[in-house]
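Engineer: One structure is given below, represented as C-alpha cells, and several questions about it will come after.
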Amino acid sequence: MAKGLPKRAENYSEWYNEIVKRADLAENSAVRGCMVIKPYGFAIWEKMQRALDDMFKATGHVNAYFPLFVPKSFLEKEEQHAEGFAKECAVVTHYRLKANPNGGLMVDPRARLEEELIIRPTSETVIWNTYKNWIQSWRDLPLLINQWCNVVRWEMRTRLFLRTTEFLWQEGHTAHATEQEAIEETERMLDVYATFAEEWMGVPVLRGLKSPNERFAGAIETYCIEALMQDGKALQAGTSHFLGQNFAKSFDVKFVNKENVQEYAWATSWGVSTRLMGALIMAHSDDQGLVLPPKLAPIQVVIIPIYKTLEELAVISERVNPLFEELKAAGISVKYDDADNQRSGWKFAEYELKGVPIRLGLGSRDLEAGTIEVARRDTLSKESQPIAGIVEHVKALLDEIQANIYQKALAFREENTFLVDTWDEFKAQIERGGFVMAHWDGTAETEEKIKEETKATIRCIPLISTMEAGKCIYSGAESSKRVVFAKAY
RNA sequence: CGGGACGUAGCGCAGUCUGGUAGCGCGUUCGCUUGGGGUGCGAGAGGUCGCAAGUUCAAAUCUUGUCGUCCCGACCA
C-alpha cells in the first residue's frame, strides 16, 4: 500500500502531482515554469523516443538539428503563425552582462542585439528559411526531416509534463512537390502517432481534425489525436499539420517541377512532446501509484527476496541469479532488489508506486515448494506459480498486461463517450466529464459561445464518423455530423 | 495582470481568533523487536516561528510595512 498517496477520485490533480513526485519522474525546478525530469522519468521518455524514432525512420524520415534561436524577422514572415505565437515567446535582447556596481551582475545596456532572437516555440520558420537553400528541383523532394529538441513557450500556468515553459519534443518538417503528397504525409504521421499511443502507451486515441479555432497557427488543416483522461478531461496527445504552401510562400521556397515550371513546395509539420508522459501517467495510474505499460517500463520485472537472515538471503540469491540471467536473456528488463536496507513490504509498495508491471517474490517457502509469487501491477492480483517455466509465463504475462491496460483504457473511454442532443443535457454532461458527441453548426461564433458558457472546446472532428443529419446543440442550425466536445488540459 | 490563501524542525502541519515554558505526524539517529504488504516498542537529535519596524512587563499570536510561495482566472502542446 502506498502511504499517503491522495485518492484519485478525491483530488485528481493532487493525485497526479503526488504520483509524479513519488514515482520519481520529475519535479518543479527553481527556474520559473520549468521542470526537472529525473532519471526514472527520463528512462521512460527515452523508451518513447526510441520507439517513435524507429517509426519515423520506417516511414522514410531522417533526423537533423536546427538552431535554438529564431531571429524575430523569421517569425514575422508567416502572418498567422506570428500572431499565434507572439504572446508566448521568450526573447533574447542582449548578449552580455557586466558587473553591477551594487554587486552581482547586470545586463550590459551597450550589448543590445540589433535584432532580437526568439527562443524557438517551434521551428517552422528557421527550418523553412533553411529549406529555401535545400530545395531547387523536384528531385530534392520530398524532404522528410525530423528533429528532437527543446522548445520554449511562455505559459502563464504550468503543470508537470502537461504544460511547462520549456519542453522536450520532436518536430517533423517535410516538404513535398504536390498537395496530395503533403496531405498523405500529414495523415501518415497522424497514424504513426495514433499507433504509438495505442500500441506502446496503451492509450486509445480519437483521430480527428481541429476546428479552425483550434488549428495550429499557420496551418491549413490540423490533424490531432485526442485521449481521455481518468478525470473525464481530454488531452491533445499529438498534432500533424498540413501547412499548404503558406511557409513556402513566406520563405520563398520554390522548386522546378517536371514540366520545368516554378512551384511553391507543400509543407507538413508534426510533433509530440513530453506531454505524452502526462498522458501515460493519467491514463493508467491508480491509487497505488503509477501503472506503466510493459513496452515502456524501464523495469519490466522486479524480483524481491523475502528473508529473515542474511544467510537466508544468500540461499535465495543463489536461486534468483540464474533466473535473473534467464529473464535478461529473454530480452526482459529485470531488476533484482536484494538491498538489505528496506523490508520486503516496503519494496512491494515502492515498485507499485513506480509502476513496474510484474513483481516476482521469492522466499524460503517458495524454495521448498519450487514456486514463485507473481504479482501483476495492472490488476494488483498475485498468484503462486511453479518456478519452472517462469520465463515463458512472464513473457506471456507482459503481453497480457500490455493488452489489458489498453483494453481498460478503451473501456473507460467508451463508458465516458456520450451522444447528446439538447443544450441542457450538453451542459450537464460537460460538467460530469467525458467526450460529448454533439452536433455543431460549423461556425467559430458558436464554438466560442460554447466555450464561454461551458469551458468545453471542440476536441476534434473525428476522421471516422458516420454522416448524420442533426441540429446544432447551441444554435439549432443544420449539421451533418457530430463533433467531439470536452473540457481539456 | 485581476481574485484568494499561506510562510512555524529536512518534509507535511497544529498553535494565531482570546498575547504568558515551541508542539504533532513523517523522516532521521541509537537499542531491542519483527520479517510472505510501507513491523512494533523505547530513547535521542533537530526550530532566533519568512524578514523589518511598532504596541506590550511579555509577541509565533496584535498593528504596519516588506519579501517569498502556492491556488483560482486570462494564455496554451
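The way I read the labels, and the way they are meant: chains A, B, ... in the order of the C-alpha cells, residue 1 as the first residue of every chain, and ligand 1 as the first ligand shown, with later ones counted on from there.
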If we count only C-alpha atoms (C1' of nucleotides) and set the cut-off at 12 Å, which residues sit around G54 in chain B, ignoring sequence neighbours fewer than 4 positions away in its own chain? Please answer as a list in words.
Structural biologist: A59, C62, U63, U64 and G65 of chain B
Engineer: Within 12 Å of U34 in chain B, counting only C-alpha atoms (C1' of nucleotides), which residues show up once you throw out same-chain ones fewer than 2 positions away? Write them as an NGL selection string, please.
Structural biologist: (:A and (307-308 or 343)) or (:B and (32 or 39-41))
Engineer: Would you write out those residues with C-alpha atoms (C1' of nucleotides), as a PDB file, in the first residue's frame?
Structural biologist:
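Printed below is again.pdb as written:
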ATOM      1  CA  TYR A 307      14.037 -13.463   4.027  1.00  0.00           C
ATOM      2  CA  LYS A 308      14.920 -13.118   7.674  1.00  0.00           C
ATOM      3  CA  ARG A 343      11.954  -4.605   4.226  1.00  0.00           C
TER       4      ARG A 343
ATOM      5  C1'   C B  32      15.618  -4.105  21.171  1.00  0.00           C
ATOM      6  C1'   U B  39       6.636  -4.061  11.652  1.00  0.00           C
ATOM      7  C1'   G B  40       6.124  -2.772  16.975  1.00  0.00           C
ATOM      8  C1'   C B  41       8.136  -0.527  21.436  1.00  0.00           C
TER       9        C B  41
END
Engineer: Residues of chain A that have any atom at most 9 Å from an atom of chain B: could you tabulate them with the shortest-distance atom pair and the distance in Å to one decimal, using only C-alpha atoms (C1' of nucleotides), ordered by chain and increasing number, as CSV?
Structural biologist:
residue,atom,partner,partner_atom,distance
A:Met1,CA,B:G38,C1',6.6
A:Ala2,CA,B:G38,C1',6.9
A:Lys3,CA,B:G38,C1',6.5
A:Lys87,CA,B:C75,C1',7.8
A:Glu88,CA,B:C75,C1',7.8
A:Arg153,CA,B:C76,C1',8.5
A:Trp154,CA,B:C75,C1',8.8
A:Glu155,CA,B:C75,C1',6.4
A:Met156,CA,B:C75,C1',6.2
A:Arg157,CA,B:C75,C1',8.3
A:Leu162,CA,B:A77,C1',7.8
A:Arg163,CA,B:A77,C1',7.3
A:Gln236,CA,B:A77,C1',7.1
A:Ala237,CA,B:A77,C1',7.6
A:Gly238,CA,B:A77,C1',7.5
A:Thr239,CA,B:A77,C1',8.4
A:Gly271,CA,B:A77,C1',8.7
A:Val272,CA,B:A77,C1',7.7
A:Ser273,CA,B:A77,C1',7.0
A:Arg275,CA,B:A77,C1',7.0
A:Ile306,CA,B:G36,C1',7.0
A:Tyr307,CA,B:G35,C1',6.9
A:Lys308,CA,B:G35,C1',5.7
A:Arg343,CA,B:G35,C1',7.4
A:Ser344,CA,B:G37,C1',8.0
A:Gly345,CA,B:G37,C1',4.7
A:Trp346,CA,B:G38,C1',4.4
A:Lys347,CA,B:G38,C1',7.9
A:Phe348,CA,B:G37,C1',6.7
A:Ala349,CA,B:G38,C1',6.3
A:Glu350,CA,B:G38,C1',8.1
A:Gly361,CA,B:G36,C1',8.4
A:Leu362,CA,B:G36,C1',8.8
A:Gly363,CA,B:G36,C1',7.4
A:Arg365,CA,B:G36,C1',8.6
A:Tyr489,CA,B:C76,C1',8.9
Engineer: Could you pull out the residues in range 217-410 of chain A that DSSP calls alpha helix (DSSP H) from the backbone, as a PyMOL selection string?
Structural biologist: chain A and resi 246-250+275-284+310-329+344-353+364-369+390-410
Engineer: Which residues come within 12 Å of range 81-86 of chain A, counting only C-alpha atoms (C1' of nucleotides), excluding same-chain residues fewer than 2 positions away, as JSON, numbers by chain?
Structural biologist: {"A": [70, 72, 73, 74, 75, 76, 77, 78, 79, 88, 89, 90, 91, 118, 119, 120, 121, 122, 123, 124, 125, 152, 153, 154, 155, 213, 214, 215, 216, 217, 218, 219, 220, 243, 246, 247, 250], "B": [75, 76]}
Engineer: Figure out the distance between CA of Val256 in chain A and CA of Glu184 in chain A, please, to one decimal in Å.
Structural biologist: 21.3 Å
Engineer: Could you give me, as number ranges by chain, the residues within 8 Å of Leu353 in chain A, counting only C-alpha atoms (C1' of nucleotides) and dropping anything in the same chain fewer than 6 positions from it?
Structural biologist: A: 2, 19, 22-23, 288-291
Engineer: With C-alpha atoms kept, could you save the residues just selected as a PDB file, in the first residue's frame?
Structural biologist:
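After the write, again_28.pdb holds the following:
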ATOM      1  CA  ALA A   2       1.281   3.392  -0.931  1.00  0.00           C
ATOM      2  CA  ILE A  19       2.407  10.288  -8.457  1.00  0.00           C
ATOM      3  CA  ARG A  22       6.591   9.767  -5.521  1.00  0.00           C
ATOM      4  CA  ALA A  23       7.324   7.679  -8.595  1.00  0.00           C
ATOM      5  CA  GLN A 288      -1.327   2.705  -5.547  1.00  0.00           C
ATOM      6  CA  GLY A 289       0.669   4.840  -7.936  1.00  0.00           C
ATOM      7  CA  LEU A 290       1.953   4.721 -11.476  1.00  0.00           C
ATOM      8  CA  VAL A 291       0.929   1.951 -13.850  1.00  0.00           C
TER       9      VAL A 291
END
Engineer: I'd like the interatomic distance between CA of Cys224 in chain A and CA of Leu206 in chain A, to a tenth of an Å.
Structural biologist: 8.0 Å
Engineer: Do you know which residues are at most 12 Å from C49 in chain B counting only C-alpha atoms (C1' of nucleotides), after dropping those on the same chain fewer than 5 positions away, and could you put them as a VMD selection string?
Structural biologist: chain B and resid 7 to 9 15 to 16 22 to 23 59 to 61
Engineer: Rounded to one decimal place, report the CA of Val151 in chain A-CA of Leu117 in chain A distance in Å.
Structural biologist: 13.6 Å
Engineer: I need the residues in range 208-384 of chain A that are strand (DSSP E or B) according to DSSP; give them as a tab-separated table (two decimals) with N, CA and C atoms, in the first residue's frame.
Structural biologist:
chain	number	residue	atom	x	y	z
A	208	GLY	N	-8.68	12.94	-35.44
A	208	GLY	CA	-9.63	13.89	-35.99
A	208	GLY	C	-8.97	15.14	-36.52
A	209	LEU	N	-9.81	16.07	-36.94
A	209	LEU	CA	-9.36	17.36	-37.42
A	209	LEU	C	-9.72	18.41	-36.38
A	221	GLU	N	-4.74	22.85	-42.25
A	221	GLU	CA	-5.52	21.84	-41.55
A	221	GLU	C	-4.66	21.23	-40.44
A	222	THR	N	-5.25	21.09	-39.25
A	222	THR	CA	-4.53	20.43	-38.17
A	222	THR	C	-5.24	19.13	-37.82
A	223	TYR	N	-4.48	18.05	-37.92
A	223	TYR	CA	-4.99	16.74	-37.51
A	223	TYR	C	-4.49	16.49	-36.09
A	224	CYS	N	-5.26	15.75	-35.31
A	224	CYS	CA	-4.80	15.53	-33.95
A	224	CYS	C	-5.24	14.17	-33.43
A	225	ILE	N	-4.58	13.74	-32.36
A	225	ILE	CA	-5.09	12.59	-31.62
A	225	ILE	C	-5.48	13.11	-30.23
A	226	GLU	N	-6.64	12.69	-29.79
A	226	GLU	CA	-7.16	13.15	-28.50
A	226	GLU	C	-7.40	11.95	-27.60
A	227	ALA	N	-6.92	12.05	-26.38
A	227	ALA	CA	-7.10	10.96	-25.42
A	227	ALA	C	-7.97	11.44	-24.27
A	228	LEU	N	-8.65	10.51	-23.64
A	228	LEU	CA	-9.49	10.85	-22.50
A	228	LEU	C	-8.80	10.40	-21.22
A	234	ALA	N	-10.10	15.86	-21.58
A	234	ALA	CA	-9.40	15.43	-22.79
A	234	ALA	C	-7.97	15.95	-22.80
A	235	LEU	N	-7.11	15.20	-23.45
A	235	LEU	CA	-5.73	15.65	-23.61
A	235	LEU	C	-5.32	15.50	-25.07
A	236	GLN	N	-4.90	16.61	-25.65
A	236	GLN	CA	-4.36	16.57	-27.01
A	236	GLN	C	-2.99	15.92	-26.93
A	237	ALA	N	-2.86	14.78	-27.57
A	237	ALA	CA	-1.64	14.00	-27.39
A	237	ALA	C	-0.65	14.16	-28.53
A	238	GLY	N	-1.11	14.66	-29.65
A	238	GLY	CA	-0.19	14.85	-30.76
A	238	GLY	C	-0.90	15.56	-31.90
A	239	THR	N	-0.13	16.31	-32.71
A	239	THR	CA	-0.75	17.00	-33.83
A	239	THR	C	0.08	16.83	-35.08
A	240	SER	N	-0.60	16.84	-36.21
A	240	SER	CA	0.06	16.74	-37.51
A	240	SER	C	-0.61	17.79	-38.39
A	241	HIS	N	0.20	18.70	-38.93
A	241	HIS	CA	-0.37	19.83	-39.65
A	241	HIS	C	-0.08	19.78	-41.15
A	242	PHE	N	-1.12	20.05	-41.91
A	242	PHE	CA	-0.94	20.30	-43.34
A	242	PHE	C	-0.81	21.81	-43.49
A	243	LEU	N	0.38	22.25	-43.91
A	243	LEU	CA	0.66	23.68	-43.92
A	243	LEU	C	0.44	24.32	-45.29
A	244	GLY	N	0.01	23.52	-46.25
A	244	GLY	CA	-0.20	24.07	-47.58
A	244	GLY	C	1.08	24.65	-48.14
A	254	LYS	N	10.83	27.63	-53.61
A	254	LYS	CA	10.27	27.20	-54.89
A	254	LYS	C	11.13	26.10	-55.49
A	255	PHE	N	10.49	25.26	-56.25
A	255	PHE	CA	11.25	24.22	-56.96
A	255	PHE	C	10.76	24.18	-58.41
A	256	VAL	N	11.58	23.63	-59.26
A	256	VAL	CA	11.19	23.48	-60.66
A	256	VAL	C	10.61	22.08	-60.82
A	262	GLN	N	8.22	26.71	-62.20
A	262	GLN	CA	8.48	27.03	-60.80
A	262	GLN	C	7.21	26.86	-59.97
A	263	GLU	N	7.36	26.20	-58.81
A	263	GLU	CA	6.20	25.99	-57.95
A	263	GLU	C	6.63	26.13	-56.50
A	264	TYR	N	5.70	26.54	-55.66
A	264	TYR	CA	5.99	26.55	-54.22
A	264	TYR	C	5.85	25.14	-53.67
A	266	TRP	N	5.03	22.18	-50.92
A	266	TRP	CA	3.94	21.92	-49.98
A	266	TRP	C	4.53	21.39	-48.69
A	267	ALA	N	3.96	21.82	-47.57
A	267	ALA	CA	4.61	21.52	-46.28
A	267	ALA	C	3.72	20.77	-45.30
A	268	THR	N	4.38	20.04	-44.42
A	268	THR	CA	3.69	19.48	-43.25
A	268	THR	C	4.59	19.70	-42.05
A	269	SER	N	4.01	19.68	-40.88
A	269	SER	CA	4.81	19.57	-39.66
A	269	SER	C	4.00	18.79	-38.65
A	270	TRP	N	4.71	18.08	-37.78
A	270	TRP	CA	4.02	17.22	-36.82
A	270	TRP	C	4.88	17.06	-35.59
A	271	GLY	N	4.24	16.94	-34.43
A	271	GLY	CA	5.03	16.86	-33.21
A	271	GLY	C	4.31	16.18	-32.07
A	272	VAL	N	5.11	15.54	-31.25
A	272	VAL	CA	4.63	15.09	-29.93
A	272	VAL	C	5.69	15.47	-28.90
A	273	SER	N	5.25	15.65	-27.67
A	273	SER	CA	6.15	16.19	-26.66
A	273	SER	C	6.16	15.33	-25.41
A	286	ASP	N	-3.31	4.42	-10.71
A	286	ASP	CA	-4.39	4.20	-9.74
A	286	ASP	C	-3.97	4.70	-8.35
A	289	GLY	N	-0.43	4.17	-7.25
A	289	GLY	CA	0.67	4.84	-7.94
A	289	GLY	C	0.62	4.66	-9.44
A	301	VAL	N	10.25	-6.22	-14.85
A	301	VAL	CA	10.08	-7.23	-13.81
A	301	VAL	C	11.03	-6.92	-12.67
A	302	VAL	N	10.50	-6.91	-11.46
A	302	VAL	CA	11.37	-6.74	-10.30
A	302	VAL	C	11.27	-8.00	-9.45
A	303	ILE	N	12.42	-8.46	-8.98
A	303	ILE	CA	12.44	-9.65	-8.14
A	303	ILE	C	12.78	-9.21	-6.72
A	304	ILE	N	11.94	-9.62	-5.78
A	304	ILE	CA	12.16	-9.22	-4.40
A	304	ILE	C	12.29	-10.46	-3.51
A	305	PRO	N	13.42	-10.56	-2.84
A	305	PRO	CA	13.63	-11.70	-1.95
A	305	PRO	C	12.91	-11.47	-0.62
A	306	ILE	N	12.37	-12.54	-0.07
A	306	ILE	CA	11.71	-12.43	1.24
A	306	ILE	C	12.48	-13.34	2.20
A	334	VAL	N	14.94	-6.55	-16.24
A	334	VAL	CA	14.65	-7.09	-14.92
A	334	VAL	C	15.59	-6.52	-13.86
A	335	LYS	N	15.04	-6.32	-12.67
A	335	LYS	CA	15.87	-5.84	-11.56
A	335	LYS	C	15.71	-6.79	-10.38
A	336	TYR	N	16.82	-7.15	-9.78
A	336	TYR	CA	16.78	-7.95	-8.56
A	336	TYR	C	17.12	-7.03	-7.41
A	358	ILE	N	5.47	-6.26	-13.45
A	358	ILE	CA	5.43	-7.57	-12.78
A	358	ILE	C	6.42	-7.62	-11.63
A	359	ARG	N	5.96	-8.16	-10.50
A	359	ARG	CA	6.84	-8.36	-9.36
A	359	ARG	C	6.91	-9.84	-9.06
A	360	LEU	N	8.12	-10.33	-8.92
A	360	LEU	CA	8.29	-11.72	-8.52
A	360	LEU	C	8.80	-11.73	-7.09
A	361	GLY	N	8.14	-12.49	-6.23
A	361	GLY	CA	8.55	-12.59	-4.84
A	361	GLY	C	9.03	-14.01	-4.56
A	362	LEU	N	10.21	-14.09	-3.95
A	362	LEU	CA	10.77	-15.41	-3.69
A	362	LEU	C	11.26	-15.51	-2.26
A	363	GLY	N	10.71	-16.46	-1.51
A	363	GLY	CA	11.12	-16.66	-0.13
A	363	GLY	C	11.43	-18.11	0.14
A	371	THR	N	8.18	-22.86	-6.05
A	371	THR	CA	7.25	-21.87	-6.61
A	371	THR	C	7.82	-20.46	-6.52
A	372	ILE	N	7.10	-19.54	-7.09
A	372	ILE	CA	7.47	-18.13	-7.02
A	372	ILE	C	6.18	-17.33	-7.06
A	373	GLU	N	6.15	-16.22	-6.32
A	373	GLU	CA	4.93	-15.41	-6.32
A	373	GLU	C	4.99	-14.40	-7.46
A	374	VAL	N	3.95	-14.39	-8.27
A	374	VAL	CA	3.89	-13.47	-9.41
A	374	VAL	C	2.77	-12.46	-9.15
A	375	ALA	N	3.15	-11.19	-9.06
A	375	ALA	CA	2.14	-10.15	-8.82
A	375	ALA	C	2.12	-9.23	-10.01
A	376	ARG	N	0.94	-8.93	-10.51
A	376	ARG	CA	0.87	-8.00	-11.64
A	376	ARG	C	0.33	-6.65	-11.20
A	382	LYS	N	-2.14	-11.44	-7.29
A	382	LYS	CA	-0.91	-12.24	-7.22
A	382	LYS	C	-1.26	-13.71	-7.12
A	383	GLU	N	-0.34	-14.50	-7.64
A	383	GLU	CA	-0.57	-15.94	-7.63
A	383	GLU	C	0.77	-16.63	-7.51
A	384	SER	N	0.71	-17.84	-6.98
A	384	SER	CA	1.91	-18.64	-6.85
A	384	SER	C	2.06	-19.49	-8.11
Engineer: Just checking: using only C-alpha atoms, which residue out of A:Thr186, A:Thr130, A:Ser475, A:Gln170 ends up closest to Thr443 in chain A?
Structural biologist: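 For Thr443 in chain A, the nearest of the given residues is A:Ser475.
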Engineer: Can you tell me, as an MDAnalysis selection string, what residues are no more than 10 Å from range 36-50 of chain A when counting only C-alpha atoms (C1' of nucleotides), ignoring any on the same chain fewer than 3 positions away?
Structural biologist: chainID A and resid 20:21 23:31 53:56 148 160:161 168:170 196:197 200:201 272:274 276:277 280 292 295:299 354
Engineer: Using only C-alpha atoms (C1' of nucleotides), which protein or nucleic acid residues come within 12 Å of G27 in chain B? Drop anything in the same chain fewer than 6 positions from it, and give the result as a ChimeraX atom specification.
Structural biologist: /B:9-12,46
Engineer: For the residues selected in the previous step, produce a file with N, CA and C atoms (P, O5', C5', C4', C3', O3' and C1' of nucleotides) as a PDB file, in the first residue's frame.
Structural biologist:
ATOM      1  P     A B   9       9.746  24.930  10.300  1.00  0.00           P
ATOM      2  O5'   A B   9      10.742  24.207  11.319  1.00  0.00           O
ATOM      3  C5'   A B   9      12.143  24.503  11.320  1.00  0.00           C
ATOM      4  C4'   A B   9      12.956  23.230  11.456  1.00  0.00           C
ATOM      5  C3'   A B   9      12.619  22.151  10.446  1.00  0.00           C
ATOM      6  O3'   A B   9      13.808  21.444  10.084  1.00  0.00           O
ATOM      7  C1'   A B   9      12.308  21.306  12.611  1.00  0.00           C
ATOM      8  P     G B  10      14.911  22.131   9.208  1.00  0.00           P
ATOM      9  O5'   G B  10      15.248  21.013   8.116  1.00  0.00           O
ATOM     10  C5'   G B  10      15.669  21.327   6.816  1.00  0.00           C
ATOM     11  C4'   G B  10      15.303  20.195   5.904  1.00  0.00           C
ATOM     12  C3'   G B  10      13.814  20.099   5.602  1.00  0.00           C
ATOM     13  O3'   G B  10      13.459  20.859   4.468  1.00  0.00           O
ATOM     14  C1'   G B  10      14.615  18.004   6.373  1.00  0.00           C
ATOM     15  P     C B  11      12.079  21.630   4.438  1.00  0.00           P
ATOM     16  O5'   C B  11      11.063  20.425   4.205  1.00  0.00           O
ATOM     17  C5'   C B  11      10.967  19.775   2.941  1.00  0.00           C
ATOM     18  C4'   C B  11       9.895  18.709   2.999  1.00  0.00           C
ATOM     19  C3'   C B  11       8.531  19.193   3.463  1.00  0.00           C
ATOM     20  O3'   C B  11       7.787  19.781   2.423  1.00  0.00           O
ATOM     21  C1'   C B  11       9.106  17.238   4.657  1.00  0.00           C
ATOM     22  P     G B  12       6.726  20.914   2.767  1.00  0.00           P
ATOM     23  O5'   G B  12       5.573  20.090   3.515  1.00  0.00           O
ATOM     24  C5'   G B  12       4.820  19.110   2.800  1.00  0.00           C
ATOM     25  C4'   G B  12       3.813  18.497   3.717  1.00  0.00           C
ATOM     26  C3'   G B  12       2.947  19.477   4.483  1.00  0.00           C
ATOM     27  O3'   G B  12       1.887  19.977   3.697  1.00  0.00           O
ATOM     28  C1'   G B  12       3.735  17.807   5.953  1.00  0.00           C
ATOM     29  P     G B  46      19.817  19.305  19.451  1.00  0.00           P
ATOM     30  O5'   G B  46      19.036  19.590  18.101  1.00  0.00           O
ATOM     31  C5'   G B  46      19.752  19.807  16.885  1.00  0.00           C
ATOM     32  C4'   G B  46      18.796  19.805  15.721  1.00  0.00           C
ATOM     33  C3'   G B  46      17.720  20.886  15.780  1.00  0.00           C
ATOM     34  O3'   G B  46      18.210  22.104  15.226  1.00  0.00           O
ATOM     35  C1'   G B  46      16.734  18.789  15.239  1.00  0.00           C
TER      36        G B  46
END
